[in-house]
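Dumped protein_14.txt below, it's compact mmCIF, C-alpha atoms:
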# COMPACT_ATOMS: atom_id res chain seq x y z
CA MET K 1 80.46 97.66 105.31
CA GLU K 2 80.97 100.02 102.39
CA ARG K 3 82.37 98.12 99.39
CA ARG K 4 82.34 100.80 96.70
CA PHE K 5 85.68 102.04 95.43
CA THR K 6 86.23 104.79 92.90
CA GLY K 7 88.33 104.59 89.78
CA GLN K 8 87.96 100.84 89.20
CA LYS K 9 85.14 98.49 88.35
CA THR K 10 84.18 96.63 91.51
CA VAL K 11 82.35 93.41 92.27
CA MET K 12 79.21 95.50 92.86
CA ASP K 13 79.22 96.00 89.04
CA PHE K 14 80.39 92.45 88.23
CA ASP K 15 77.95 89.80 86.96
CA THR K 16 79.33 86.66 88.62
CA GLY K 17 76.62 84.42 87.17
CA ALA K 18 77.09 85.53 83.57
CA ARG K 19 80.88 85.25 83.84
CA LEU K 20 80.68 81.74 85.33
CA LYS K 21 78.29 80.61 82.60
CA GLU K 22 80.54 82.11 79.91
CA GLU K 23 83.62 80.28 81.24
CA ARG K 24 81.70 76.99 81.60
CA GLU K 25 80.26 77.17 78.09
CA LYS K 26 83.64 78.19 76.65
CA ARG K 27 84.90 74.80 77.89
CA ARG K 28 81.79 73.03 76.53
CA LEU K 29 80.80 71.71 79.93
CA SER K 30 77.25 71.21 81.12
CA GLN K 31 76.35 72.22 84.67
CA ARG K 32 76.22 68.52 85.57
CA GLN K 33 79.65 67.85 84.11
CA LEU K 34 81.14 70.79 86.02
CA ALA K 35 79.37 69.61 89.18
CA ALA K 36 80.81 66.11 88.77
CA GLN K 37 84.37 67.36 88.56
CA THR K 38 84.12 69.95 91.36
CA GLY K 39 81.91 68.36 94.01
CA VAL K 40 79.56 71.36 93.90
CA THR K 41 75.97 70.42 93.05
CA SER K 42 74.59 71.29 89.62
CA GLY K 43 71.71 73.01 91.44
CA MET K 44 74.16 75.32 93.21
CA ILE K 45 75.99 76.06 89.94
CA SER K 46 72.65 76.84 88.28
CA MET K 47 71.63 79.19 91.12
CA ILE K 48 75.00 81.02 90.93
CA GLU K 49 74.73 81.40 87.15
CA GLN K 50 71.24 82.87 87.57
CA ASN K 51 72.54 85.18 90.33
CA ARG K 52 70.01 83.67 92.73
CA THR K 53 72.71 82.99 95.34
CA SER K 54 76.16 84.31 96.17
CA PRO K 55 78.81 81.61 96.55
CA SER K 56 81.26 81.60 99.42
CA VAL K 57 84.92 82.06 98.52
CA ALA K 58 85.47 78.34 99.19
CA THR K 59 82.61 77.27 96.87
CA LEU K 60 83.63 79.61 94.08
CA LYS K 61 87.26 78.43 94.38
CA LYS K 62 86.08 74.81 93.95
CA ILE K 63 84.09 75.66 90.83
CA LEU K 64 86.88 77.73 89.33
CA ALA K 65 89.39 74.94 89.98
CA GLY K 66 87.19 72.75 87.76
CA LEU K 67 87.45 75.43 85.06
CA ASP K 68 91.21 75.84 85.63
CA ILE K 69 90.91 79.57 86.35
CA SER K 70 92.04 81.56 89.40
CA LEU K 71 89.81 83.91 91.37
CA GLY K 72 91.99 86.82 90.22
CA ASP K 73 91.64 85.89 86.55
CA PHE K 74 87.89 85.28 86.95
CA PHE K 75 87.30 88.84 88.18
CA ALA K 76 89.90 90.44 85.87
CA GLY K 77 88.85 93.06 83.38
CA THR K 78 90.27 93.52 79.92
CA ALA K 79 91.77 96.96 80.58
CA ASP K 80 95.10 97.64 82.25
CA THR K 81 97.28 95.76 79.77
CA GLY K 82 100.40 97.94 80.02
CA ALA K 83 103.34 97.49 82.38
CA LYS K 84 102.86 99.35 85.64
CA TRP K 85 104.62 99.13 89.00
CA HIS K 86 102.64 101.53 91.21
CA PHE K 87 98.95 101.38 92.13
CA ARG K 88 96.72 103.78 94.03
CA HIS K 89 94.28 102.28 96.51
CA SER K 90 91.44 103.05 94.10
CA GLU K 91 93.16 100.94 91.41
CA PHE K 92 93.17 97.69 93.42
CA ARG K 93 90.84 95.07 91.86
CA GLU K 94 88.14 93.53 94.02
CA ILE K 95 88.11 89.77 93.36
CA THR K 96 85.39 88.49 95.70
CA PRO K 97 81.82 87.47 94.92
CA LYS K 98 79.10 89.99 95.76
CA ALA K 99 77.37 88.98 98.99
CA LYS K 100 75.98 90.65 102.10
CA LEU K 101 77.15 89.87 105.62
CA GLY K 102 75.23 86.80 106.78
CA GLU K 103 75.20 85.28 103.29
CA ALA K 104 77.88 82.82 102.21
CA GLY K 105 81.05 84.80 101.60
CA GLY K 106 79.43 88.02 102.83
CA GLY K 107 81.56 90.68 104.47
CA VAL K 108 84.78 89.52 102.80
CA ALA K 109 86.64 91.80 100.36
CA PHE K 110 89.82 90.70 98.58
CA ARG K 111 91.46 93.49 96.60
CA GLN K 112 94.34 92.53 94.31
CA ILE K 113 97.29 94.77 93.64
CA GLY K 114 98.09 94.82 89.92
CA ARG K 115 96.80 92.97 86.91
CA PRO K 116 96.12 89.21 87.23
CA GLY K 117 98.79 87.15 85.52
CA ALA K 118 101.26 90.05 85.32
CA SER K 119 103.52 88.72 88.08
CA ALA K 120 104.68 85.48 89.70
CA ILE K 121 103.21 86.73 92.98
CA GLN K 122 99.67 87.75 93.88
CA MET K 123 99.36 90.52 96.49
CA LEU K 124 96.03 91.04 98.25
CA HIS K 125 94.57 93.61 100.63
CA GLU K 126 91.95 91.59 102.53
CA THR K 127 89.11 92.88 104.72
CA TYR K 128 86.83 90.67 106.82
CA ALA K 129 83.83 92.23 108.58
CA ALA K 130 83.06 90.94 112.08
CA GLY K 131 81.52 87.47 111.67
CA ALA K 132 82.65 87.10 108.05
CA ASP K 133 84.49 84.06 106.75
CA THR K 134 85.62 82.39 103.55
CA GLY K 135 82.83 79.82 103.87
CA PRO K 136 81.97 76.85 106.08
CA GLU K 137 84.19 74.54 104.02
CA LEU K 138 87.95 74.59 103.93
CA TYR K 139 89.44 75.22 100.48
CA SER K 140 92.84 74.78 98.84
CA HIS K 141 94.78 75.91 95.79
CA ASP K 142 98.12 75.08 94.22
CA ALA K 143 100.41 77.67 95.87
CA GLU K 144 102.00 78.96 99.07
CA GLU K 145 100.68 81.97 100.91
CA ALA K 146 101.75 84.34 103.64
CA GLY K 147 100.15 87.31 105.33
CA VAL K 148 100.37 89.84 108.13
CA VAL K 149 97.34 90.96 110.16
CA ILE K 150 97.25 94.77 110.06
CA ALA K 151 94.16 95.31 112.22
CA GLY K 152 91.62 93.21 114.11
CA ARG K 153 91.67 89.45 114.67
CA ILE K 154 91.32 86.41 112.42
CA LEU K 155 90.83 82.70 113.11
CA VAL K 156 92.95 80.80 110.59
CA THR K 157 92.42 77.06 110.14
CA VAL K 158 95.09 75.13 108.26
CA GLY K 159 94.43 71.40 108.13
CA GLU K 160 93.43 70.31 111.64
CA GLU K 161 94.88 73.34 113.47
CA THR K 162 93.20 76.68 114.19
CA GLN K 163 95.00 79.76 115.53
CA LEU K 164 93.65 83.18 116.51
CA LEU K 165 95.94 85.84 115.04
CA GLY K 166 95.90 89.53 115.97
CA ALA K 167 97.42 92.73 114.63
CA GLY K 168 101.14 92.21 113.99
CA ASP K 169 100.83 88.40 113.77
CA GLY K 170 101.44 86.55 110.51
CA TYR K 171 101.14 83.21 108.76
CA LEU K 172 102.95 81.23 106.09
CA PHE K 173 101.67 77.86 104.83
CA ASN K 174 101.28 75.59 101.83
CA SER K 175 97.92 76.52 100.27
CA ARG K 176 97.47 72.93 99.08
CA THR K 177 96.51 72.19 102.70
CA PRO K 178 92.78 72.91 103.14
CA HIS K 179 92.29 76.19 104.99
CA ARG K 180 89.72 78.76 106.09
CA PHE K 181 89.67 82.31 107.48
CA ARG K 182 87.03 83.64 109.92
CA ASN K 183 86.78 86.93 111.78
CA PRO K 184 85.32 86.34 115.27
CA GLY K 185 84.97 90.11 115.78
CA PRO K 186 84.31 92.48 117.31
CA GLY K 187 85.70 94.77 114.57
CA ASP K 188 86.92 94.42 111.01
CA CYS K 189 90.09 92.47 110.30
CA VAL K 190 92.56 93.73 107.69
CA ILE K 191 95.32 91.52 106.23
CA VAL K 192 97.97 92.10 103.60
CA SER K 193 98.85 88.76 101.98
CA ALA K 194 100.83 87.24 99.15
CA CYS K 195 100.34 84.03 97.16
CA THR K 196 102.78 82.37 94.77
CA PRO K 197 102.23 81.19 92.14
CA PRO K 198 99.14 83.40 91.73
CA THR K 199 96.49 80.66 91.84
CA PHE K 200 94.02 82.42 94.16
Output the file's structure as structure tokens, nothing else.
Amino acid sequence: MERRFTGQKTVMDFDTGARLKEEREKRRLSQRQLAAQTGVTSGMISMIEQNRTSPSVATLKKILAGLDISLGDFFAGTADTGAKWHFRHSEFREITPKAKLGEAGGGVAFRQIGRPGASAIQMLHETYAAGADTGPELYSHDAEEAGVVIAGRILVTVGEETQLLGAGDGYLFNSRTPHRFRNPGPGDCVIVSACTPPTF
């Protein structure tokens, strides 16, 4: 799946490992201390910081929760500081870790509309390649979220319940409940979603 977009820095250019290390060191935490408060092993944190592995969305969310930073803020750039209400497709920000399909988090692209922290709502254009998912573990964050499936199919697990949603179907749930998204295929799944407050 092509993941290059013009006009905006993408995750293909983003150094996830260096950014994670910078945020961890800014808080004066060792890898072991961060591991202890997130439940992610220090070995995994070390491998991510060295860019030797790509974390799933669920794993990265766990680590970032320990650093008290959202996925949107983690991938945010320093540009785009002015007020703006309209955004071309090429201006959406990709906020997912770089990974290939088959790797943890591979085949998933979350593109945020607008600048992180500029609004009380976080709007995402999500794409899941066939077989892609947010990771084997369920994850949670302090918000509510809703979405509409635009194309394809998605298996959504919220707590103990899993539903297969197709084009035109939607969801609305408390994001504090552990959840997971997986595309069973055969084609790509596209979702437009919103999260408030913007903690994803």
Q | Residue with smallest distance to K:Gly66 - pool K:Thr134, K:Gln33, K:Gln112, K:Ser193, counting all atoms listed in the file | A |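 The answer is K:Gln33, which sits nearest to K:Gly66.
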Q | Closest of K:Pro186, K:Ala65, K:Ala118, K:Pro136 to K:Trp85 - atom-to-atom distances counting all atoms listed in the file | A |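 The closest residue to K:Trp85 is K:Ala118.
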Q: Name the residues in contact with stretch 166-182 of chain K at a cut-off of 7 Å, using all atoms listed in the file, excluding same-chain residues fewer than 2 positions from it; report them as a list of chain:residue names.
A: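 The contact residues come out as K:Gly131, K:Ala132, K:Asp133, K:Thr134, K:Leu138, K:Tyr139, K:Ser140, K:His141, K:Asp142, K:Ala143, K:Glu144, K:Glu145, K:Ala146, K:Gly147, K:Val148, K:Val149, K:Ile150, K:Ala151, K:Gly152, K:Arg153, K:Ile154, K:Leu155, K:Val156, K:Thr157, K:Val158, K:Gly159, K:Leu164, K:Pro184.
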**Q.** Using only C-alpha atoms: which of K:Phe87, K:Lys21, K:Pro197, K:Ser30 has the shortest distance to K:Ile121
**A.**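 Closest to K:Ile121 of all the choices is K:Pro197.
Note that the spacing between atom CA of K:Arg93 and atom CA of K:Ala120 amounts to 17.0 Å.
Our summary of the geometry notes that atom CA of K:Phe92 is positioned 29.5 Å from atom CA of K:Thr162.
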Q: Work out how far atom CA of K:Gly185 is from atom CA of K:Gly106, in Å to one decimal.
A: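 Interatomic distance, atom CA of K:Gly106 to atom CA of K:Gly185: 14.2 Å.
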(Q) Distance cut-off 12 Å, centre (73.9, 76.6, 92.7) in file coordinates, counting all atoms listed in the file: which residues qualify? Return them as a list in words. (A) Gly17, Leu20, Lys21, Gln31, Arg32, Leu34, Ala35, Gly39, Val40, Thr41, Ser42, Gly43, Met44, Ile45, Ser46, Met47, Ile48, Glu49, Gln50, Asn51, Arg52, Thr53, Ser54, Pro55, Ser56, Thr59, Leu60 and Ile63 of chain K
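Residue nearest K:Leu124 within the list K:Ala83, K:Val57, K:Val190, K:Ala76: K:Val190 [criterion: smallest interatomic distance, all atoms listed in the file].
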